[in-house]
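The structure appears right after this line, and notes come after that.
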Amino acid sequence: MYGMGGVDDEAVKKARNASLIAGVVFGLAWWIYIDGAASGSGNAVADKAAGYHWLPGLGCTIAFVMINGMKWEELSDDTPAVATRARCFLISAMIIALGCIAASLFIMVEVFIRDDAATQWTGIAVFIQCLLIFVSAFIMRFGNMPEAAGF
């Protein structure tokens, strides 16, 4: 029973703290992106890229929801169809997340760093945003896993 000082109480504290830390890191990621976009506004290079450079962060956010929305126990389920579906879902979430990190790296280098030194922070913010969202996804996932999951 929760609140009685037992093992479940420790699991609840661990899950609550992991969720809090993941939320702070996730919020920091979007805050850094907004700062980078605001500091680059009014610049011709940043305004040209403004139509698409938010997409990697959105993709990483979708991957965050996918990674944390699945039941982790299904990865090792006894039914092969369930385990296969869960593994494919997790792999697709990882592909989305890593693809968005690669896209943000491309945007940072190609659009912002190569062309104009005045807008480098905007590109760096796009890349840091994706990295922080990716890290927060795993802080949330591993902080909320049951102790007996074996992963």
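Residues are named by chain letter and number: chains run A, B, ... in the order of the structure tokens, numbers start at 1 in each chain, and ligands are numbered from 1 in the order shown.
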
Please provide the set of residues having any atom within 12 Å of A:Gly27, restricted to only C-alpha atoms, with same-chain residues fewer than 2 positions apart removed, written as a list in words.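 These residues fall inside the cut-off: Ser19, Leu20, Ile21, Ala22, Gly23, Val24, Val25, Ala29, Trp30, Trp31, Ile32, Tyr33, Ile34, Gly57, Thr61, Gln129, Cys130, Leu132, Ile133, Ser136 and Ala137 of chain A.
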
Residues from the last selection, N, CA, C and O atoms, saved as a short mmCIF file (atom, residue, chain, number, x, y, z; two decimals), in the first residue's frame:
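Wrote it out as again.cif, contents follow:
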```
data_model
loop_
_atom_site.label_atom_id
_atom_site.label_comp_id
_atom_site.auth_asym_id
_atom_site.auth_seq_id
_atom_site.Cartn_x
_atom_site.Cartn_y
_atom_site.Cartn_z
N SER A 19 10.25 11.64 -13.07
CA SER A 19 9.32 12.42 -13.88
C SER A 19 9.57 13.91 -13.75
O SER A 19 9.51 14.65 -14.74
N LEU A 20 9.89 14.34 -12.55
CA LEU A 20 10.19 15.76 -12.33
C LEU A 20 11.45 16.17 -13.08
O LEU A 20 11.46 17.19 -13.78
N ILE A 21 12.50 15.37 -12.96
CA ILE A 21 13.75 15.69 -13.65
C ILE A 21 13.56 15.67 -15.16
O ILE A 21 14.03 16.56 -15.87
N ALA A 22 12.85 14.65 -15.66
CA ALA A 22 12.60 14.56 -17.10
C ALA A 22 11.78 15.75 -17.59
O ALA A 22 12.04 16.29 -18.67
N GLY A 23 10.81 16.17 -16.81
CA GLY A 23 10.01 17.32 -17.19
C GLY A 23 10.81 18.61 -17.23
O GLY A 23 10.63 19.44 -18.12
N VAL A 24 11.70 18.77 -16.26
CA VAL A 24 12.55 19.96 -16.24
C VAL A 24 13.49 19.97 -17.45
O VAL A 24 13.67 20.99 -18.11
N VAL A 25 14.09 18.81 -17.75
CA VAL A 25 15.00 18.73 -18.90
C VAL A 25 14.23 18.96 -20.20
O VAL A 25 14.70 19.67 -21.09
N ALA A 29 14.71 22.09 -22.76
CA ALA A 29 14.99 21.90 -24.18
C ALA A 29 14.17 22.87 -25.03
O ALA A 29 14.71 23.54 -25.92
N TRP A 30 12.89 22.96 -24.75
CA TRP A 30 12.05 23.87 -25.54
C TRP A 30 12.37 25.33 -25.22
O TRP A 30 12.29 26.20 -26.09
N TRP A 31 12.75 25.60 -23.99
CA TRP A 31 13.12 26.96 -23.62
C TRP A 31 14.38 27.39 -24.38
O TRP A 31 14.47 28.52 -24.86
N ILE A 32 15.36 26.50 -24.47
CA ILE A 32 16.57 26.81 -25.23
C ILE A 32 16.24 27.05 -26.69
O ILE A 32 16.76 27.98 -27.32
N TYR A 33 15.36 26.24 -27.26
CA TYR A 33 14.96 26.44 -28.66
C TYR A 33 14.30 27.80 -28.84
O TYR A 33 14.61 28.54 -29.78
N ILE A 34 13.39 28.14 -27.95
CA ILE A 34 12.68 29.43 -28.07
C ILE A 34 13.67 30.58 -27.95
O ILE A 34 13.58 31.58 -28.69
N GLY A 57 12.68 19.21 -33.30
CA GLY A 57 12.19 19.22 -31.92
C GLY A 57 10.82 18.60 -31.79
O GLY A 57 10.54 17.87 -30.83
N THR A 61 9.89 15.20 -29.76
CA THR A 61 8.79 15.19 -28.81
C THR A 61 7.85 14.02 -29.09
O THR A 61 7.39 13.35 -28.16
N GLN A 129 18.33 21.30 -28.24
CA GLN A 129 16.94 20.96 -27.95
C GLN A 129 16.68 19.48 -28.20
O GLN A 129 16.12 18.79 -27.35
N CYS A 130 17.10 18.98 -29.35
CA CYS A 130 16.86 17.58 -29.68
C CYS A 130 17.61 16.65 -28.73
O CYS A 130 17.06 15.62 -28.30
N LEU A 132 18.49 17.22 -25.61
CA LEU A 132 17.87 17.24 -24.29
C LEU A 132 16.53 16.50 -24.27
O LEU A 132 16.22 15.83 -23.28
N ILE A 133 15.75 16.61 -25.32
CA ILE A 133 14.49 15.86 -25.37
C ILE A 133 14.77 14.36 -25.40
O ILE A 133 14.09 13.57 -24.74
N SER A 136 15.79 13.35 -21.91
CA SER A 136 14.65 13.37 -20.99
C SER A 136 13.72 12.18 -21.22
O SER A 136 13.10 11.68 -20.28
N ALA A 137 13.63 11.70 -22.46
CA ALA A 137 12.81 10.52 -22.73
C ALA A 137 13.32 9.32 -21.95
O ALA A 137 12.53 8.55 -21.39
#
```

With only C-alpha atoms as the counted atoms, please give the residues lying no more than 12 Å from A:Met66, apart from itself and same-chain residues fewer than 6 positions off, as number ranges by chain. A: 59-60, 72, 86-97, 134, 137-138, 140-141

Given the selection you just returned, output its residues as a file containing all heavy atoms, formatted as a short mmCIF file (atom, residue, chain, number, x, y, z; two decimals), in the first residue's frame.
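As written to disk, out06.cif reads:
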```
data_model
loop_
_atom_site.label_atom_id
_atom_site.label_comp_id
_atom_site.auth_asym_id
_atom_site.auth_seq_id
_atom_site.Cartn_x
_atom_site.Cartn_y
_atom_site.Cartn_z
N GLY A 59 9.64 16.29 -33.83
CA GLY A 59 9.85 14.85 -34.02
C GLY A 59 10.39 14.18 -32.78
O GLY A 59 9.96 13.07 -32.42
N CYS A 60 11.33 14.83 -32.10
CA CYS A 60 11.85 14.27 -30.85
C CYS A 60 10.78 14.23 -29.77
O CYS A 60 10.74 13.31 -28.95
CB CYS A 60 13.06 15.07 -30.37
SG CYS A 60 14.59 14.58 -31.17
N TRP A 72 6.64 -1.35 -21.31
CA TRP A 72 7.99 -1.88 -21.44
C TRP A 72 8.00 -3.40 -21.28
O TRP A 72 8.85 -4.08 -21.83
CB TRP A 72 8.88 -1.21 -20.40
CG TRP A 72 10.30 -1.06 -20.82
CD1 TRP A 72 11.35 -1.75 -20.32
CD2 TRP A 72 10.84 -0.18 -21.80
NE1 TRP A 72 12.52 -1.34 -20.92
CE2 TRP A 72 12.22 -0.38 -21.83
CE3 TRP A 72 10.28 0.76 -22.65
CZ2 TRP A 72 13.07 0.32 -22.68
CZ3 TRP A 72 11.11 1.45 -23.49
CH2 TRP A 72 12.48 1.24 -23.51
N ALA A 86 5.93 -4.68 -30.14
CA ALA A 86 6.52 -3.75 -29.18
C ALA A 86 7.94 -3.37 -29.60
O ALA A 86 8.33 -2.20 -29.51
CB ALA A 86 6.52 -4.35 -27.79
N ARG A 87 8.69 -4.36 -30.06
CA ARG A 87 10.07 -4.07 -30.50
C ARG A 87 10.08 -3.18 -31.74
O ARG A 87 10.91 -2.28 -31.86
CB ARG A 87 10.81 -5.38 -30.76
CG ARG A 87 11.09 -6.13 -29.49
CD ARG A 87 11.66 -7.49 -29.73
NE ARG A 87 11.77 -8.21 -28.48
CZ ARG A 87 11.79 -9.52 -28.38
NH1 ARG A 87 11.72 -10.27 -29.47
NH2 ARG A 87 11.89 -10.09 -27.20
N CYS A 88 9.18 -3.45 -32.67
CA CYS A 88 9.09 -2.60 -33.88
C CYS A 88 8.69 -1.17 -33.51
O CYS A 88 9.21 -0.21 -34.08
CB CYS A 88 8.11 -3.19 -34.87
SG CYS A 88 8.71 -4.67 -35.69
N PHE A 89 7.78 -1.05 -32.56
CA PHE A 89 7.34 0.27 -32.11
C PHE A 89 8.50 1.03 -31.47
O PHE A 89 8.72 2.21 -31.75
CB PHE A 89 6.18 0.12 -31.13
CG PHE A 89 5.52 1.41 -30.77
CD1 PHE A 89 4.65 2.03 -31.64
CD2 PHE A 89 5.77 2.01 -29.55
CE1 PHE A 89 4.04 3.23 -31.31
CE2 PHE A 89 5.17 3.21 -29.20
CZ PHE A 89 4.29 3.81 -30.08
N LEU A 90 9.27 0.34 -30.61
CA LEU A 90 10.41 0.97 -29.96
C LEU A 90 11.49 1.34 -30.97
O LEU A 90 12.05 2.44 -30.92
CB LEU A 90 11.00 0.06 -28.88
CG LEU A 90 12.19 0.63 -28.11
CD1 LEU A 90 11.80 1.88 -27.35
CD2 LEU A 90 12.75 -0.42 -27.17
N ILE A 91 11.75 0.46 -31.92
CA ILE A 91 12.75 0.76 -32.96
C ILE A 91 12.31 1.95 -33.80
O ILE A 91 13.11 2.82 -34.13
CB ILE A 91 13.02 -0.48 -33.82
CG1 ILE A 91 13.81 -1.51 -33.01
CG2 ILE A 91 13.77 -0.13 -35.09
CD1 ILE A 91 13.96 -2.85 -33.67
N SER A 92 11.02 2.01 -34.13
CA SER A 92 10.55 3.16 -34.92
C SER A 92 10.66 4.46 -34.12
O SER A 92 11.01 5.50 -34.67
CB SER A 92 9.12 2.94 -35.41
OG SER A 92 8.22 2.85 -34.34
N ALA A 93 10.40 4.41 -32.82
CA ALA A 93 10.57 5.61 -31.98
C ALA A 93 12.04 6.03 -31.94
O ALA A 93 12.35 7.23 -32.02
CB ALA A 93 10.06 5.34 -30.57
N MET A 94 12.94 5.06 -31.84
CA MET A 94 14.37 5.38 -31.83
C MET A 94 14.83 5.93 -33.18
O MET A 94 15.65 6.85 -33.22
CB MET A 94 15.18 4.13 -31.46
CG MET A 94 14.97 3.66 -30.04
SD MET A 94 15.47 4.87 -28.83
CE MET A 94 17.21 4.89 -29.10
N ILE A 95 14.30 5.38 -34.27
CA ILE A 95 14.65 5.89 -35.60
C ILE A 95 14.19 7.34 -35.75
O ILE A 95 14.91 8.18 -36.27
CB ILE A 95 14.07 4.99 -36.70
CG1 ILE A 95 14.84 3.67 -36.74
CG2 ILE A 95 14.11 5.68 -38.06
CD1 ILE A 95 14.22 2.62 -37.63
N ILE A 96 12.97 7.61 -35.28
CA ILE A 96 12.47 8.99 -35.34
C ILE A 96 13.36 9.92 -34.52
O ILE A 96 13.77 10.99 -34.99
CB ILE A 96 11.01 9.06 -34.85
CG1 ILE A 96 10.08 8.37 -35.86
CG2 ILE A 96 10.57 10.50 -34.63
CD1 ILE A 96 8.66 8.18 -35.36
N ALA A 97 13.68 9.52 -33.30
CA ALA A 97 14.49 10.37 -32.42
C ALA A 97 15.88 10.60 -32.99
O ALA A 97 16.36 11.74 -33.06
CB ALA A 97 14.59 9.75 -31.02
N PHE A 134 15.79 13.94 -26.15
CA PHE A 134 16.17 12.53 -26.21
C PHE A 134 16.61 12.03 -24.83
O PHE A 134 16.20 10.95 -24.39
CB PHE A 134 17.29 12.36 -27.25
CG PHE A 134 17.65 10.95 -27.53
CD1 PHE A 134 16.79 10.12 -28.22
CD2 PHE A 134 18.88 10.44 -27.13
CE1 PHE A 134 17.13 8.81 -28.49
CE2 PHE A 134 19.23 9.14 -27.41
CZ PHE A 134 18.35 8.32 -28.09
N ALA A 137 13.63 11.70 -22.46
CA ALA A 137 12.81 10.52 -22.73
C ALA A 137 13.32 9.32 -21.95
O ALA A 137 12.53 8.55 -21.39
CB ALA A 137 12.79 10.22 -24.23
N PHE A 138 14.62 9.15 -21.88
CA PHE A 138 15.17 8.00 -21.19
C PHE A 138 15.24 8.20 -19.68
O PHE A 138 15.16 7.23 -18.93
CB PHE A 138 16.51 7.60 -21.78
CG PHE A 138 16.31 6.92 -23.10
CD1 PHE A 138 16.48 7.62 -24.28
CD2 PHE A 138 15.89 5.62 -23.15
CE1 PHE A 138 16.26 7.00 -25.50
CE2 PHE A 138 15.67 4.99 -24.36
CZ PHE A 138 15.85 5.68 -25.53
N MET A 140 12.85 9.67 -18.09
CA MET A 140 11.46 9.34 -17.76
C MET A 140 11.23 7.84 -17.86
O MET A 140 10.61 7.23 -16.98
CB MET A 140 10.53 10.08 -18.71
CG MET A 140 9.09 9.84 -18.47
SD MET A 140 8.49 11.02 -17.29
CE MET A 140 6.78 10.96 -17.65
N ARG A 141 11.72 7.22 -18.91
CA ARG A 141 11.48 5.79 -19.13
C ARG A 141 12.14 4.94 -18.04
O ARG A 141 11.51 4.08 -17.45
CB ARG A 141 12.04 5.39 -20.50
CG ARG A 141 11.89 3.94 -20.83
CD ARG A 141 10.48 3.60 -21.23
NE ARG A 141 9.76 3.02 -20.12
CZ ARG A 141 8.47 2.77 -20.10
NH1 ARG A 141 7.73 3.09 -21.12
NH2 ARG A 141 7.89 2.25 -19.08
#
```

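Reported to one decimal place, the separation of atom CA of A:Leu75 from atom CA of A:Ala18 is 21.5 Å.
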
To one decimal in Å, tell me the separation between atom CA of A:Val111 and atom CA of A:Ile124.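 These two atoms are separated by 10.7 Å.
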
Can you list, as a PDB file with all heavy atoms, in the first residue's frame, every protein, DNA or RNA residue that comes within 9 Å of A:Glu74 when you count only C-alpha atoms, leaving out same-chain residues fewer than 3 positions away?
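Written out: out-v1.pdb:
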```pdb
ATOM      1  N   MET A  70       4.617   3.350 -24.354  1.00  0.00           N
ATOM      2  CA  MET A  70       4.487   1.903 -24.530  1.00  0.00           C
ATOM      3  C   MET A  70       4.697   1.168 -23.214  1.00  0.00           C
ATOM      4  O   MET A  70       5.326   1.683 -22.296  1.00  0.00           O
ATOM      5  CB  MET A  70       5.483   1.401 -25.575  1.00  0.00           C
ATOM      6  CG  MET A  70       6.930   1.541 -25.185  1.00  0.00           C
ATOM      7  SD  MET A  70       8.057   0.887 -26.401  1.00  0.00           S
ATOM      8  CE  MET A  70       7.849  -0.845 -26.134  1.00  0.00           C
ATOM      9  N   LYS A  71       4.162  -0.029 -23.147  1.00  0.00           N
ATOM     10  CA  LYS A  71       4.375  -0.877 -21.981  1.00  0.00           C
ATOM     11  C   LYS A  71       5.698  -1.607 -22.168  1.00  0.00           C
ATOM     12  O   LYS A  71       5.857  -2.389 -23.098  1.00  0.00           O
ATOM     13  CB  LYS A  71       3.239  -1.879 -21.839  1.00  0.00           C
ATOM     14  CG  LYS A  71       1.930  -1.247 -21.503  1.00  0.00           C
ATOM     15  CD  LYS A  71       0.847  -2.285 -21.368  1.00  0.00           C
ATOM     16  CE  LYS A  71      -0.480  -1.625 -21.097  1.00  0.00           C
ATOM     17  NZ  LYS A  71      -1.569  -2.596 -21.133  1.00  0.00           N
ATOM     18  N   ASP A  77       7.432 -10.140 -23.855  1.00  0.00           N
ATOM     19  CA  ASP A  77       6.193 -10.894 -23.680  1.00  0.00           C
ATOM     20  C   ASP A  77       6.346 -12.313 -24.241  1.00  0.00           C
ATOM     21  O   ASP A  77       7.134 -12.556 -25.161  1.00  0.00           O
ATOM     22  CB  ASP A  77       5.047 -10.165 -24.401  1.00  0.00           C
ATOM     23  CG  ASP A  77       3.693 -10.662 -23.961  1.00  0.00           C
ATOM     24  OD1 ASP A  77       3.265 -10.250 -22.868  1.00  0.00           O
ATOM     25  OD2 ASP A  77       3.088 -11.454 -24.702  1.00  0.00           O
ATOM     26  N   ASP A  78       5.585 -13.236 -23.674  1.00  0.00           N
ATOM     27  CA  ASP A  78       5.646 -14.633 -24.125  1.00  0.00           C
ATOM     28  C   ASP A  78       5.031 -14.824 -25.504  1.00  0.00           C
ATOM     29  O   ASP A  78       5.419 -15.731 -26.234  1.00  0.00           O
ATOM     30  CB  ASP A  78       4.939 -15.541 -23.119  1.00  0.00           C
ATOM     31  CG  ASP A  78       5.683 -15.597 -21.801  1.00  0.00           C
ATOM     32  OD1 ASP A  78       6.906 -15.361 -21.808  1.00  0.00           O
ATOM     33  OD2 ASP A  78       5.036 -15.866 -20.769  1.00  0.00           O
ATOM     34  N   THR A  79       4.086 -13.974 -25.858  1.00  0.00           N
ATOM     35  CA  THR A  79       3.464 -14.058 -27.174  1.00  0.00           C
ATOM     36  C   THR A  79       4.378 -13.389 -28.195  1.00  0.00           C
ATOM     37  O   THR A  79       4.661 -12.196 -28.084  1.00  0.00           O
ATOM     38  CB  THR A  79       2.095 -13.358 -27.164  1.00  0.00           C
ATOM     39  OG1 THR A  79       1.349 -13.814 -26.041  1.00  0.00           O
ATOM     40  CG2 THR A  79       1.334 -13.620 -28.439  1.00  0.00           C
ATOM     41  N   VAL A  82       3.109 -10.045 -29.868  1.00  0.00           N
ATOM     42  CA  VAL A  82       3.110  -8.867 -28.993  1.00  0.00           C
ATOM     43  C   VAL A  82       4.532  -8.329 -28.837  1.00  0.00           C
ATOM     44  O   VAL A  82       4.767  -7.122 -28.948  1.00  0.00           O
ATOM     45  CB  VAL A  82       2.497  -9.218 -27.621  1.00  0.00           C
ATOM     46  CG1 VAL A  82       2.656  -8.063 -26.645  1.00  0.00           C
ATOM     47  CG2 VAL A  82       1.036  -9.578 -27.769  1.00  0.00           C
ATOM     48  N   ALA A  83       5.473  -9.221 -28.588  1.00  0.00           N
ATOM     49  CA  ALA A  83       6.864  -8.795 -28.424  1.00  0.00           C
ATOM     50  C   ALA A  83       7.410  -8.179 -29.706  1.00  0.00           C
ATOM     51  O   ALA A  83       8.115  -7.169 -29.668  1.00  0.00           O
ATOM     52  CB  ALA A  83       7.724  -9.986 -27.995  1.00  0.00           C
ATOM     53  N   THR A  84       7.067  -8.763 -30.845  1.00  0.00           N
ATOM     54  CA  THR A  84       7.547  -8.227 -32.118  1.00  0.00           C
ATOM     55  C   THR A  84       6.979  -6.838 -32.383  1.00  0.00           C
ATOM     56  O   THR A  84       7.696  -5.932 -32.807  1.00  0.00           O
ATOM     57  CB  THR A  84       7.168  -9.183 -33.270  1.00  0.00           C
ATOM     58  OG1 THR A  84       7.735 -10.457 -32.999  1.00  0.00           O
ATOM     59  CG2 THR A  84       7.674  -8.661 -34.595  1.00  0.00           C
ATOM     60  N   ARG A  85       5.676  -6.677 -32.124  1.00  0.00           N
ATOM     61  CA  ARG A  85       5.060  -5.364 -32.303  1.00  0.00           C
ATOM     62  C   ARG A  85       5.688  -4.316 -31.387  1.00  0.00           C
ATOM     63  O   ARG A  85       5.948  -3.183 -31.811  1.00  0.00           O
ATOM     64  CB  ARG A  85       3.557  -5.436 -32.040  1.00  0.00           C
ATOM     65  CG  ARG A  85       2.739  -5.317 -33.288  1.00  0.00           C
ATOM     66  CD  ARG A  85       1.281  -5.328 -32.993  1.00  0.00           C
ATOM     67  NE  ARG A  85       1.006  -6.634 -32.391  1.00  0.00           N
ATOM     68  CZ  ARG A  85      -0.026  -6.908 -31.625  1.00  0.00           C
ATOM     69  NH1 ARG A  85      -0.903  -5.998 -31.350  1.00  0.00           N
ATOM     70  NH2 ARG A  85      -0.203  -8.098 -31.114  1.00  0.00           N
ATOM     71  N   ALA A  86       5.929  -4.679 -30.141  1.00  0.00           N
ATOM     72  CA  ALA A  86       6.524  -3.745 -29.183  1.00  0.00           C
ATOM     73  C   ALA A  86       7.941  -3.368 -29.599  1.00  0.00           C
ATOM     74  O   ALA A  86       8.331  -2.203 -29.514  1.00  0.00           O
ATOM     75  CB  ALA A  86       6.524  -4.352 -27.789  1.00  0.00           C
ATOM     76  N   ARG A  87       8.688  -4.356 -30.064  1.00  0.00           N
ATOM     77  CA  ARG A  87      10.066  -4.067 -30.503  1.00  0.00           C
ATOM     78  C   ARG A  87      10.083  -3.184 -31.741  1.00  0.00           C
ATOM     79  O   ARG A  87      10.913  -2.279 -31.856  1.00  0.00           O
ATOM     80  CB  ARG A  87      10.806  -5.377 -30.757  1.00  0.00           C
ATOM     81  CG  ARG A  87      11.087  -6.127 -29.486  1.00  0.00           C
ATOM     82  CD  ARG A  87      11.661  -7.493 -29.735  1.00  0.00           C
ATOM     83  NE  ARG A  87      11.768  -8.211 -28.476  1.00  0.00           N
ATOM     84  CZ  ARG A  87      11.793  -9.517 -28.382  1.00  0.00           C
ATOM     85  NH1 ARG A  87      11.721 -10.267 -29.470  1.00  0.00           N
ATOM     86  NH2 ARG A  87      11.892 -10.087 -27.203  1.00  0.00           N
TER      87      ARG A  87
END
```

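Among the candidates A:Ile101, A:Glu73, A:Asp35, A:Phe112, the residue lying nearest to A:Met145 is A:Glu73 (atoms considered: only C-alpha atoms).
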
Please extract the residues of stretch 4-93 of chain A with a backbone DSSP assignment of helix (DSSP H, G or I) and present them as a VMD selection string. chain A and resid 7 to 40 44 to 49 55 to 69 72 to 76 80 to 93
